[in-house]
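Engineer: Structure file upload_7.txt, compact mmCIF, C-alpha atoms and all ligand atoms, is pasted below:
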# COMPACT_ATOMS: atom_id res chain seq x y z
CA MET Y 1 0.00 0.00 0.00
CA LEU Y 2 1.23 3.46 -0.91
CA ILE Y 3 0.77 6.36 1.50
CA ALA Y 4 1.21 9.75 -0.14
CA GLY Y 5 2.25 12.45 2.32
CA ALA Y 6 4.11 12.28 5.63
CA GLY Y 7 2.18 14.85 7.64
CA MET Y 8 0.08 13.85 10.65
CA ALA Y 9 -2.44 11.89 8.56
CA GLY Y 10 0.09 9.96 6.50
CA LEU Y 11 2.37 9.17 9.43
CA VAL Y 12 -0.51 8.01 11.62
CA ALA Y 13 -1.88 5.84 8.80
CA ALA Y 14 1.57 4.34 8.26
CA VAL Y 15 2.23 3.61 11.93
CA ARG Y 16 -1.18 2.04 12.41
CA ALA Y 17 -0.91 0.04 9.16
CA ARG Y 18 2.40 -1.41 10.34
CA GLU Y 19 0.88 -2.31 13.69
CA LEU Y 20 -1.79 -4.22 11.78
CA GLY Y 21 0.72 -6.16 9.71
CA LEU Y 22 0.81 -4.15 6.48
CA GLU Y 23 4.00 -2.87 4.91
CA PRO Y 24 3.15 0.60 3.65
CA ILE Y 25 5.44 2.64 1.47
CA VAL Y 26 5.35 6.29 2.51
CA ILE Y 27 6.33 8.96 0.00
CA GLU Y 28 6.80 12.61 0.86
CA LYS Y 29 7.14 15.34 -1.73
CA GLY Y 30 8.88 17.75 0.64
CA THR Y 31 12.34 17.77 2.14
CA ARG Y 32 11.17 16.80 5.62
CA VAL Y 33 8.47 14.85 7.40
CA GLY Y 34 5.70 16.35 9.55
CA GLY Y 35 3.85 18.55 7.06
CA SER Y 36 1.89 21.29 8.79
CA MET Y 37 1.89 19.40 12.11
CA LEU Y 38 5.52 20.43 12.50
CA LEU Y 39 4.57 24.12 12.23
CA SER Y 40 1.43 23.86 14.33
CA SER Y 41 0.51 24.65 17.92
CA GLY Y 42 0.03 20.92 18.45
CA VAL Y 43 -3.45 21.09 19.99
CA VAL Y 44 -5.45 18.01 18.95
CA TRP Y 45 -9.04 18.74 19.91
CA ARG Y 46 -12.73 18.30 19.39
CA HIS Y 47 -15.72 20.38 20.42
CA ARG Y 48 -16.67 19.44 23.96
CA GLU Y 49 -20.37 19.13 23.12
CA TRP Y 50 -21.68 17.30 20.07
CA ALA Y 51 -24.42 19.89 19.57
CA ALA Y 52 -21.82 22.67 19.52
CA PHE Y 53 -19.84 20.89 16.78
CA ARG Y 54 -22.98 20.62 14.65
CA LYS Y 55 -23.91 24.21 15.32
CA GLU Y 56 -20.46 25.60 14.60
CA CYS Y 57 -19.84 23.58 11.45
CA PRO Y 58 -23.39 23.36 10.09
CA GLY Y 59 -22.41 22.46 6.52
CA GLY Y 60 -20.28 19.48 7.53
CA ASP Y 61 -21.11 15.83 6.88
CA GLU Y 62 -22.78 14.61 10.06
CA GLN Y 63 -21.41 11.04 9.82
CA LEU Y 64 -17.83 12.23 9.47
CA GLN Y 65 -18.23 14.74 12.24
CA ARG Y 66 -19.54 11.98 14.47
CA LEU Y 67 -16.59 9.78 13.58
CA VAL Y 68 -14.08 12.44 14.63
CA TRP Y 69 -16.06 13.44 17.70
CA GLU Y 70 -16.56 9.86 18.93
CA ARG Y 71 -13.14 8.46 18.08
CA LEU Y 72 -10.83 11.27 19.09
CA ASP Y 73 -10.45 10.36 22.75
CA ASP Y 74 -9.42 6.78 21.91
CA ALA Y 75 -7.18 8.04 19.14
CA LEU Y 76 -5.41 10.32 21.62
CA ALA Y 77 -5.02 7.38 23.99
CA TRP Y 78 -3.43 5.44 21.11
CA LEU Y 79 -0.93 8.26 20.55
CA VAL Y 80 -0.09 8.30 24.24
CA SER Y 81 0.31 4.49 24.19
CA LEU Y 82 3.01 4.97 21.53
CA GLY Y 83 4.93 7.16 23.98
CA ALA Y 84 3.65 10.61 22.99
CA GLU Y 85 3.76 12.83 26.05
CA PRO Y 86 1.20 15.66 26.05
CA VAL Y 87 2.59 19.00 27.17
CA ALA Y 88 -0.93 19.92 28.29
CA GLN Y 89 -3.75 17.56 29.24
CA ASP Y 90 -6.45 19.92 28.00
CA THR Y 91 -6.85 22.69 25.47
CA GLY Y 92 -7.36 25.57 27.89
CA ASN Y 93 -10.54 26.45 26.00
CA PRO Y 94 -13.80 25.55 27.76
CA ARG Y 95 -15.50 24.95 24.39
CA THR Y 96 -13.10 22.20 23.41
CA THR Y 97 -11.38 19.14 24.81
CA GLY Y 98 -8.18 17.45 23.72
CA LYS Y 99 -4.45 17.44 24.35
CA ARG Y 100 -1.51 19.56 23.33
CA PHE Y 101 1.70 17.99 22.10
CA ASP Y 102 5.08 19.39 21.25
CA PRO Y 103 4.87 19.32 17.42
CA ARG Y 104 8.48 18.36 16.85
CA ALA Y 105 8.48 15.59 19.45
CA LEU Y 106 5.23 14.18 18.05
CA THR Y 107 6.57 14.26 14.50
CA GLU Y 108 9.78 12.50 15.56
CA LEU Y 109 7.90 9.87 17.55
CA LEU Y 110 5.72 8.92 14.58
CA ALA Y 111 8.44 9.22 11.94
CA ALA Y 112 10.76 6.94 13.92
CA ARG Y 113 8.32 4.05 13.37
CA VAL Y 114 8.16 4.18 9.58
CA ASP Y 115 10.45 4.64 6.58
CA VAL Y 116 9.65 7.69 4.51
CA ARG Y 117 10.97 8.36 1.02
CA LEU Y 118 11.65 12.10 0.99
CA GLY Y 119 11.45 14.02 -2.27
CA ALA Y 120 9.17 11.36 -3.75
CA ARG Y 121 5.78 12.50 -4.96
CA LEU Y 122 2.52 10.89 -5.87
CA ASP Y 123 2.32 10.76 -9.64
CA ALA Y 124 -0.35 9.89 -12.15
CA ALA Y 125 0.99 6.37 -12.63
CA ALA Y 126 0.43 5.34 -8.98
CA GLU Y 127 -2.14 2.57 -8.59
CA PRO Y 128 -4.35 1.55 -5.63
CA PRO Y 129 -4.17 0.67 -2.85
CA VAL Y 130 -3.32 4.26 -1.98
CA VAL Y 131 -3.90 6.44 1.08
CA LEU Y 132 -4.03 10.08 0.01
CA ALA Y 133 -2.62 12.29 2.75
CA THR Y 134 -1.14 15.15 0.75
CA GLY Y 135 -2.61 17.95 2.87
CA GLY Y 136 -5.32 19.42 0.66
CA PHE Y 137 -4.79 22.30 -1.75
CA GLY Y 138 -3.95 25.22 0.51
CA ARG Y 139 -1.08 26.43 -1.60
CA ARG Y 140 -3.14 26.47 -4.78
CA LEU Y 141 -6.04 28.26 -3.09
CA ALA Y 142 -3.71 30.88 -1.58
CA GLU Y 143 -2.06 31.52 -4.95
CA GLU Y 144 -5.39 31.78 -6.78
CA ARG Y 145 -6.74 34.34 -4.30
CA GLY Y 146 -3.58 36.29 -3.60
CA LEU Y 147 -3.48 35.18 0.05
CA MET Y 148 -0.55 34.22 2.25
CA LEU Y 149 0.17 30.51 2.67
CA ARG Y 150 0.35 29.73 6.38
CA ALA Y 151 1.17 26.03 6.10
CA ASN Y 152 3.78 23.62 4.79
CA ALA Y 153 4.79 24.67 1.31
CA TRP Y 154 4.06 21.48 -0.59
CA SER Y 155 0.30 20.92 -0.30
CA SER Y 156 -0.99 22.03 -3.66
CA GLY Y 157 -3.78 19.57 -4.34
CA ASP Y 158 -1.88 16.58 -5.73
CA GLY Y 159 -4.03 14.00 -3.93
CA LEU Y 160 -7.18 15.77 -5.01
CA ASP Y 161 -6.11 15.90 -8.66
CA TRP Y 162 -5.03 12.26 -8.62
CA ALA Y 163 -8.39 11.10 -7.28
CA LEU Y 164 -10.48 13.42 -9.46
CA ALA Y 165 -8.75 12.05 -12.55
CA ARG Y 166 -10.09 8.64 -11.47
CA GLY Y 167 -13.64 9.79 -10.93
CA ALA Y 168 -13.75 10.76 -7.25
CA SER Y 169 -16.27 13.32 -6.08
CA LEU Y 170 -15.93 16.42 -3.98
CA SER Y 171 -17.27 17.40 -0.57
CA ALA Y 172 -19.12 20.57 0.31
CA GLY Y 173 -17.20 23.75 1.07
CA MET Y 174 -14.56 23.65 -1.64
CA GLY Y 175 -14.02 27.40 -1.39
CA GLU Y 176 -13.52 27.46 2.37
CA PHE Y 177 -10.28 27.43 4.26
CA PHE Y 178 -9.09 27.54 7.82
CA GLY Y 179 -6.88 30.54 8.25
CA ARG Y 180 -5.68 33.39 10.37
CA ALA Y 181 -5.26 37.11 9.85
CA MET Y 182 -1.53 37.71 9.41
CA PRO Y 183 0.57 40.86 8.99
CA ALA Y 184 0.45 41.84 5.31
CA ARG Y 185 3.54 42.46 3.21
CA PRO Y 186 6.11 43.93 3.57
CA ALA Y 187 6.04 42.04 6.89
CA ARG Y 188 8.47 39.14 6.79
CA VAL Y 189 6.63 36.04 7.99
CA ARG Y 190 8.79 32.92 8.21
CA GLU Y 191 7.16 29.57 8.83
CA GLU Y 192 8.45 29.51 12.41
CA ASP Y 193 6.45 32.75 12.92
CA PHE Y 194 3.11 31.38 11.75
CA VAL Y 195 1.75 30.92 15.28
CA ARG Y 196 3.34 33.95 16.95
CA LEU Y 197 2.41 36.46 14.26
CA ALA Y 198 -1.26 35.49 13.92
CA GLN Y 199 -3.30 38.68 14.44
CA LEU Y 200 -5.79 37.01 16.72
CA TYR Y 201 -7.64 39.94 18.30
CA GLY Y 202 -10.11 40.60 15.51
CA HIS Y 203 -13.08 40.49 17.89
CA ASP Y 204 -11.76 43.80 19.32
CA ALA Y 205 -11.14 45.40 15.93
CA ARG Y 206 -13.08 47.26 13.29
CA VAL Y 207 -12.36 45.72 9.92
CA LEU Y 208 -11.80 48.15 7.06
CA THR Y 209 -11.28 47.43 3.38
CA GLU Y 210 -8.45 49.09 1.45
CA ASP Y 211 -10.80 51.88 0.37
CA GLY Y 212 -11.92 52.51 3.94
CA ARG Y 213 -15.27 50.70 3.99
CA ASP Y 214 -16.17 49.32 7.41
CA VAL Y 215 -17.03 45.63 6.92
CA THR Y 216 -16.92 44.60 10.58
CA PRO Y 217 -19.39 41.73 11.06
CA ARG Y 218 -22.02 42.05 13.77
CA ARG Y 219 -20.66 38.94 15.47
CA VAL Y 220 -17.19 37.39 15.27
CA ALA Y 221 -16.71 33.68 16.05
CA TRP Y 222 -14.35 32.79 18.92
CA HIS Y 223 -11.87 31.23 16.49
CA GLU Y 224 -11.99 34.24 14.13
CA ASN Y 225 -11.89 31.96 11.11
CA ASP Y 226 -14.82 33.94 9.76
CA LEU Y 227 -12.64 37.05 9.74
CA ALA Y 228 -9.90 35.23 7.85
CA GLN Y 229 -12.47 34.44 5.14
CA LEU Y 230 -13.65 38.05 5.12
CA ILE Y 231 -10.42 40.02 4.88
CA GLY Y 232 -9.03 38.45 1.70
CA PRO Y 233 -5.66 39.63 0.33
CA SER Y 234 -5.61 42.81 2.40
CA ALA Y 235 -7.59 44.77 4.95
CA TRP Y 236 -7.00 46.89 8.03
CA TYR Y 237 -7.74 46.03 11.65
CA VAL Y 238 -8.44 49.23 13.56
CA VAL Y 239 -7.98 48.98 17.33
CA GLU Y 240 -7.94 51.26 20.36
CA ARG Y 241 -4.54 50.20 21.63
CA THR Y 242 -1.59 48.01 20.82
CA ASN Y 243 -0.95 44.48 22.07
CA GLU Y 244 1.80 41.85 21.87
CA ARG Y 245 0.70 40.54 18.50
CA ILE Y 246 0.59 44.00 16.98
CA GLU Y 247 4.06 44.74 18.32
CA ALA Y 248 5.29 41.45 16.86
CA ALA Y 249 3.78 42.44 13.49
CA ARG Y 250 5.52 45.80 13.69
CA VAL Y 251 8.89 44.19 14.50
CA ALA Y 252 8.41 41.83 11.54
CA GLY Y 253 8.11 44.88 9.26
CA GLY Y 254 4.31 44.99 9.06
CA ARG Y 255 2.44 48.27 8.66
CA VAL Y 256 1.00 49.64 11.90
CA VAL Y 257 -0.29 53.18 11.39
CA ALA Y 258 -1.34 55.76 14.01
CA ARG Y 259 -4.61 57.32 12.84
CA ASP Y 260 -5.80 60.89 13.37
CA ASP Y 261 -8.47 59.63 15.76
CA GLY Y 262 -5.80 58.15 18.05
CA ARG Y 263 -6.52 54.57 17.08
CA LEU Y 264 -4.11 52.15 15.38
CA ALA Y 265 -4.57 50.51 11.99
CA VAL Y 266 -2.82 47.20 11.33
CA HIS Y 267 -2.45 45.97 7.76
CA VAL Y 268 -3.51 42.32 7.56
CA THR Y 269 -3.90 39.57 5.01
CA ALA Y 270 -5.58 36.18 5.26
CA GLY Y 271 -3.14 33.31 5.76
CA VAL Y 272 -4.41 29.95 4.50
CA THR Y 273 -3.65 27.15 6.96
CA HIS Y 274 -5.59 24.40 5.24
CA THR Y 275 -8.51 23.85 2.94
CA ILE Y 276 -11.83 22.69 4.40
CA GLY Y 277 -13.33 21.16 1.27
CA GLY Y 278 -11.76 18.13 -0.34
CA LEU Y 279 -12.46 14.58 -1.40
CA ARG Y 280 -15.72 13.02 -0.36
CA VAL Y 281 -15.01 10.09 1.97
CA ASP Y 282 -17.11 7.72 4.02
CA GLU Y 283 -16.72 6.93 7.72
CA ARG Y 284 -13.95 4.43 6.92
CA ALA Y 285 -12.00 7.14 5.08
CA ARG Y 286 -12.71 5.46 1.74
CA VAL Y 287 -12.88 7.88 -1.17
CA VAL Y 288 -16.42 7.62 -2.43
CA GLY Y 289 -16.52 6.05 -5.88
CA LEU Y 290 -12.97 4.63 -5.89
CA ASP Y 291 -11.85 1.13 -4.86
CA GLY Y 292 -8.76 0.80 -2.70
CA VAL Y 293 -8.31 4.53 -2.19
CA TRP Y 294 -8.57 6.31 1.13
CA ALA Y 295 -8.17 10.00 1.97
CA ALA Y 296 -6.98 11.10 5.39
CA GLY Y 297 -6.36 14.45 7.01
CA VAL Y 298 -7.31 17.51 5.05
CA ASP Y 299 -7.26 15.68 1.70
CA ALA Y 300 -10.69 14.57 2.92
CA GLY Y 301 -13.26 17.35 2.93
CA GLY Y 302 -16.57 18.31 4.37
CA ILE Y 303 -15.99 17.93 8.10
CA ALA Y 304 -15.57 21.52 9.28
CA THR Y 305 -17.70 23.07 6.54
CA GLY Y 306 -19.16 26.40 7.61
CA GLY Y 307 -16.92 26.73 10.66
CA TYR Y 308 -13.77 25.45 12.31
CA ALA Y 309 -12.61 22.14 13.73
CA SER Y 310 -9.21 20.64 14.53
CA GLY Y 311 -7.17 19.72 11.46
CA LEU Y 312 -4.90 17.58 13.61
CA ALA Y 313 -7.88 15.64 14.98
CA GLN Y 314 -9.13 15.05 11.44
CA ALA Y 315 -5.67 13.82 10.44
CA LEU Y 316 -5.38 11.52 13.45
CA VAL Y 317 -8.83 9.96 13.27
CA LEU Y 318 -8.97 9.55 9.50
CA GLY Y 319 -5.38 8.28 9.39
CA LEU Y 320 -6.34 5.54 11.84
CA ALA Y 321 -9.59 4.79 10.01
CA ALA Y 322 -7.81 4.47 6.65
CA ALA Y 323 -5.18 2.07 7.99
CA GLU Y 324 -7.75 -0.03 9.84
CA ASP Y 325 -10.00 -0.33 6.82
CA ALA Y 326 -7.05 -1.16 4.55
CA ALA Y 327 -6.02 -3.93 6.94
CA SER Y 328 -9.51 -5.39 7.36
C1 LIG R 401 0.84 27.47 12.09
C2 LIG R 401 -0.15 26.35 12.20
C3 LIG R 401 -0.77 26.08 13.43
C4 LIG R 401 -1.70 25.05 13.53
N1 LIG R 401 -2.20 24.72 14.76
C5 LIG R 401 -3.07 23.70 14.85
C6 LIG R 401 -3.53 23.27 16.13
O1 LIG R 401 -3.08 23.70 17.18
N2 LIG R 401 -4.50 22.30 16.16
C7 LIG R 401 -4.98 21.72 15.03
O2 LIG R 401 -5.85 20.86 15.11
N3 LIG R 401 -4.51 22.06 13.81
C8 LIG R 401 -3.56 23.01 13.70
N4 LIG R 401 -3.05 23.34 12.49
C9 LIG R 401 -3.55 22.62 11.31
C10 LIG R 401 -2.91 21.24 11.22
O3 LIG R 401 -1.53 21.34 11.40
C11 LIG R 401 -3.23 20.60 9.88
O4 LIG R 401 -4.63 20.62 9.66
C12 LIG R 401 -2.79 19.15 9.83
O5 LIG R 401 -1.43 19.06 10.21
C13 LIG R 401 -3.01 18.59 8.43
O6 LIG R 401 -2.41 17.32 8.38
P1 LIG R 401 -2.37 16.50 7.03
O7 LIG R 401 -1.52 15.32 7.29
O8 LIG R 401 -3.73 16.31 6.53
O9 LIG R 401 -1.67 17.47 5.98
P2 LIG R 401 -0.19 18.08 5.94
O10 LIG R 401 0.34 18.35 7.27
O11 LIG R 401 -0.25 19.20 4.98
O12 LIG R 401 0.67 16.92 5.32
C14 LIG R 401 0.61 16.60 3.97
C15 LIG R 401 1.98 16.11 3.54
O13 LIG R 401 1.88 15.65 2.20
C16 LIG R 401 3.00 16.12 1.47
N5 LIG R 401 2.65 16.11 0.05
C17 LIG R 401 1.97 17.03 -0.66
N6 LIG R 401 1.82 16.64 -1.94
C18 LIG R 401 2.42 15.42 -2.03
C19 LIG R 401 2.62 14.50 -3.09
N7 LIG R 401 2.20 14.75 -4.34
N8 LIG R 401 3.29 13.34 -2.86
C20 LIG R 401 3.77 13.06 -1.60
N9 LIG R 401 3.63 13.94 -0.58
C21 LIG R 401 2.95 15.08 -0.78
C22 LIG R 401 3.28 17.48 2.06
O14 LIG R 401 4.62 17.88 1.82
C23 LIG R 401 3.02 17.24 3.55
O15 LIG R 401 4.16 16.79 4.23
C24 LIG R 401 -2.06 24.31 12.37
C25 LIG R 401 -1.40 24.53 11.16
C26 LIG R 401 -0.45 25.54 11.08
C27 LIG R 401 0.28 25.72 9.78
Before anything else, please render the file you have as structure tokens.
Ligand SMILES: Cc1cc2nc3c(=O)[nH]c(=O)nc-3n(C[C@H](O)[C@H](O)[C@H](O)COP(=O)(O)OP(=O)(O)OC[C@H]3O[C@@H](n4cnc5c(N)ncnc54)[C@H](O)[C@@H]3O)c2cc1C
Structural biologist:
Amino acid sequence: MLIAGAGMAGLVAAVRARELGLEPIVIEKGTRVGGSMLLSSGVVWRHREWAAFRKECPGGDEQLQRLVWERLDDALAWLVSLGAEPVAQDTGNPRTTGKRFDPRALTELLAARVDVRLGARLDAAAEPPVVLATGGFGRRLAEERGLMLRANAWSSGDGLDWALARGASLSAGMGEFFGRAMPARPARVREEDFVRLAQLYGHDARVLTEDGRDVTPRRVAWHENDLAQLIGPSAWYVVERTNERIEAARVAGGRVVARDDGRLAVHVTAGVTHTIGGLRVDERARVVGLDGVWAAGVDAGGIATGGYASGLAQALVLGLAAAEDAAS
């Protein structure tokens, strides 16, 4: 079995497949393992209440949401049983439950259990059985819309294209992404700054377009993903006073302007962390319409549609489901 992609989803699928007696071959297009997990905050979570998950991601496939919601706690226990040591036993957010891991340690723990061929990419000639775990099409979406990419640099829709060429179908929400407001150019945002430089105070800001129109929504969601969708390539956050994140943006070379009314305007752009739409899969991570093909992580779509849910949880649960179905 071929596993394309060595991010959280691909590594989890590979480790679990080996546990179950398979001998997967893992290929990774990039120069390192870990994908976006390596750059992440490492919080693997679910909504605490089922009803809240449904309410916050109303366009998502209910069966897949239930899979993630019901399986995550066991999946986390599986990670811990491998030797993963959480750096926090909860998320610190009363709306959610989960664990936080050190991203590098988690990547190393998983990668140590499988061989990965670096610099090897899924190509058109690959044949099933295949687990697609190439991380969605964040790079392509960011380039098409003139947004910043706030993710590993290699996820440009290869798994999606491969499956579509074979007749796969798509989930809902193909235009949606999970993202964060980031300091706009000329700010210098390196990948190690993706977490620190997120401009995550939008609920206290007025949002202005480039031509000064006030487009502040009446209500901003706690995760502010709605603002990331709204601001597009560039907008201004106008706030009463500075904060740590604004100062970090300023130090990175971002534009922070003192206005005549005494307030501050911060130039922001949407940074795409991962796509929300993707391949349509069933609750065993099988790509609908294709035999012997699974999609895990954010190659699979339609779970967080209309809102925000944990990409790491989706990668963990679907990675396990794909391996278990492949081995059954
Ligand atoms: C800054 C940041 C902070 C985040 N914080 C959190 C958090 O705290 N909690 C949370 O739940 N989520 C978080 N996320 C999101 C989370 O990291 C991702 O949703 C998750 O890691 C996606 O995993 P994946 O395996 O599906 O995809 P990826 O991590 O993108 O892995 C896909 C892999 O496939 C490779 N690949 C691409 N194309 C090919 C190809 N053709 N052939 C072979 N390999 C290929 C890529 O190089 C990559 O290594 C964060 C992300 C970022 C960037």
Engineer: Can you work out the spacing between atom CA of Arg213 of chain Y and atom CA of Pro183 of chain Y in Å, to one decimal?
Structural biologist: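 Between atom CA of Arg213 of chain Y and atom CA of Pro183 of chain Y the gap is 19.3 Å.
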Engineer: Out of Y:Gly21, Y:Gly311, Y:Gly173, Y:Gly157, which residue has the shortest atom-to-atom distance to ligand LIG 401 (chain R) when counting all atoms listed in the file?
Structural biologist: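 Once distances to ligand LIG 401 (chain R) are computed over all atoms listed in the file, the minimum belongs to Y:Gly311.
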Engineer: Under the rule that all atoms listed in the file are counted, which of Y:Gly179, Y:Pro186, Y:Pro128, Y:Gly159 is the nearest residue to Ala4 of chain Y?
Structural biologist: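 Among the listed residues, the smallest separation from Ala4 of chain Y belongs to Y:Gly159.
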Engineer: Using all atoms listed in the file, pick whichever of Y:Arg218, Y:Arg100, Y:Arg259, Y:Arg54 has the shortest atom-to-atom distance to ligand LIG 401 (chain R).
Structural biologist: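 Nearest candidate to ligand LIG 401 (chain R) out of Y:Arg218, Y:Arg100, Y:Arg259, Y:Arg54: Y:Arg100.
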Engineer: If we count all atoms listed in the file, what is near Thr305 of chain Y at a cut-off of 6 Å, once residues fewer than 3 positions away on the same chain are taken out, given as a ChimeraX atom specification?
Structural biologist: /Y:57,59-60,173,302
Engineer: Have a look at atom CA of Ala300 of chain Y and atom CA of Asp193 of chain Y and let me know their distance in Å, one decimal.
Structural biologist: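 Distance reported for this atom pair: 26.9 Å.
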Engineer: Around all the atoms of segment 107-121 of chain Y listed in the file, draw an axis-aligned box and extend it by 8 Å on each of the six sides; I want its centre and edge lengths in Å to one decimal, as lines of an AutoDock Vina configuration file.
Structural biologist:
center_x = 8.7
center_y = 9.2
center_z = 6.3
size_x = 21.9
size_y = 26.2
size_z = 38.5
Engineer: Residues within 7 Å of Leu147 of chain Y, please, as a JSON list (two decimals) with C-alpha atoms, keeping the file's coordinate frame. Count only C-alpha atoms; anything in the same chain fewer than 4 positions from it doesn't count.
Structural biologist:
[["chain", "number", "residue", "atom", "x", "y", "z"],
["Y", 142, "ALA", "CA", -3.71, 30.88, -1.58],
["Y", 143, "GLU", "CA", -2.06, 31.52, -4.95],
["Y", 232, "GLY", "CA", -9.03, 38.45, 1.70],
["Y", 233, "PRO", "CA", -5.66, 39.63, 0.33],
["Y", 269, "THR", "CA", -3.90, 39.57, 5.01],
["Y", 270, "ALA", "CA", -5.58, 36.18, 5.26],
["Y", 271, "GLY", "CA", -3.14, 33.31, 5.76],
["Y", 272, "VAL", "CA", -4.41, 29.95, 4.50]]
Engineer: Between Y:Ser171, Y:Ser310, Y:Thr31, Y:Ser81, single out the one closest to ligand LIG 401 (chain R), counting all atoms listed in the file.
Structural biologist: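 Smallest separation from ligand LIG 401 (chain R) among the options: Y:Ser310.
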Engineer: Skip His203 of chain Y itself and residues of its chain fewer than 5 positions away, then list as a list of chain:residue names all residues within 9 Å of it, counting all atoms listed in the file.
Structural biologist: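 My reading of the contact set: Y:Arg219, Y:Val220, Y:Ala221, Y:Trp222, Y:Glu224, Y:Leu227.
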Engineer: Kindly indicate which residue among Y:Ala14, Y:Ala181, Y:Ala105, Y:Ala75 lies nearest to Ala326 of chain Y, using only C-alpha atoms for the distances.
Structural biologist: Y:Ala14
Engineer: Can you tell me how far atom CA of Tyr308 of chain Y sits from atom CA of Glu191 of chain Y, in Å to one decimal?
Structural biologist: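 That distance, rounded to one decimal, is 21.6 Å.
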Engineer: Place N, CA and C atoms on segment 132-143 of chain Y and deliver the coordinates as a CSV table (one decimal), in the coordinates of the input.
Structural biologist:
chain,number,residue,atom,x,y,z
Y,132,LEU,N,-4.4,8.7,0.4
Y,132,LEU,CA,-4.0,10.1,0.0
Y,132,LEU,C,-4.0,10.9,1.3
Y,133,ALA,N,-2.8,11.5,1.5
Y,133,ALA,CA,-2.6,12.3,2.8
Y,133,ALA,C,-1.7,13.4,2.4
Y,134,THR,N,-2.0,14.1,1.3
Y,134,THR,CA,-1.1,15.2,0.8
Y,134,THR,C,-1.5,16.6,1.3
Y,135,GLY,N,-2.4,16.7,2.2
Y,135,GLY,CA,-2.6,18.0,2.9
Y,135,GLY,C,-3.5,19.0,2.2
Y,136,GLY,N,-4.4,18.5,1.3
Y,136,GLY,CA,-5.3,19.4,0.7
Y,136,GLY,C,-4.7,20.3,-0.4
Y,137,PHE,N,-5.3,21.4,-0.6
Y,137,PHE,CA,-4.8,22.3,-1.8
Y,137,PHE,C,-4.6,23.7,-1.3
Y,138,GLY,N,-4.1,23.9,-0.1
Y,138,GLY,CA,-4.0,25.2,0.5
Y,138,GLY,C,-3.1,26.1,-0.3
Y,139,ARG,N,-2.0,25.6,-0.8
Y,139,ARG,CA,-1.1,26.4,-1.6
Y,139,ARG,C,-1.8,27.0,-2.9
Y,140,ARG,N,-2.5,26.1,-3.5
Y,140,ARG,CA,-3.1,26.5,-4.8
Y,140,ARG,C,-4.2,27.5,-4.5
Y,141,LEU,N,-5.0,27.3,-3.4
Y,141,LEU,CA,-6.0,28.3,-3.1
Y,141,LEU,C,-5.4,29.6,-2.7
Y,142,ALA,N,-4.4,29.6,-2.0
Y,142,ALA,CA,-3.7,30.9,-1.6
Y,142,ALA,C,-3.2,31.6,-2.8
Y,143,GLU,N,-2.6,30.9,-3.7
Y,143,GLU,CA,-2.1,31.5,-5.0
Y,143,GLU,C,-3.2,32.1,-5.8
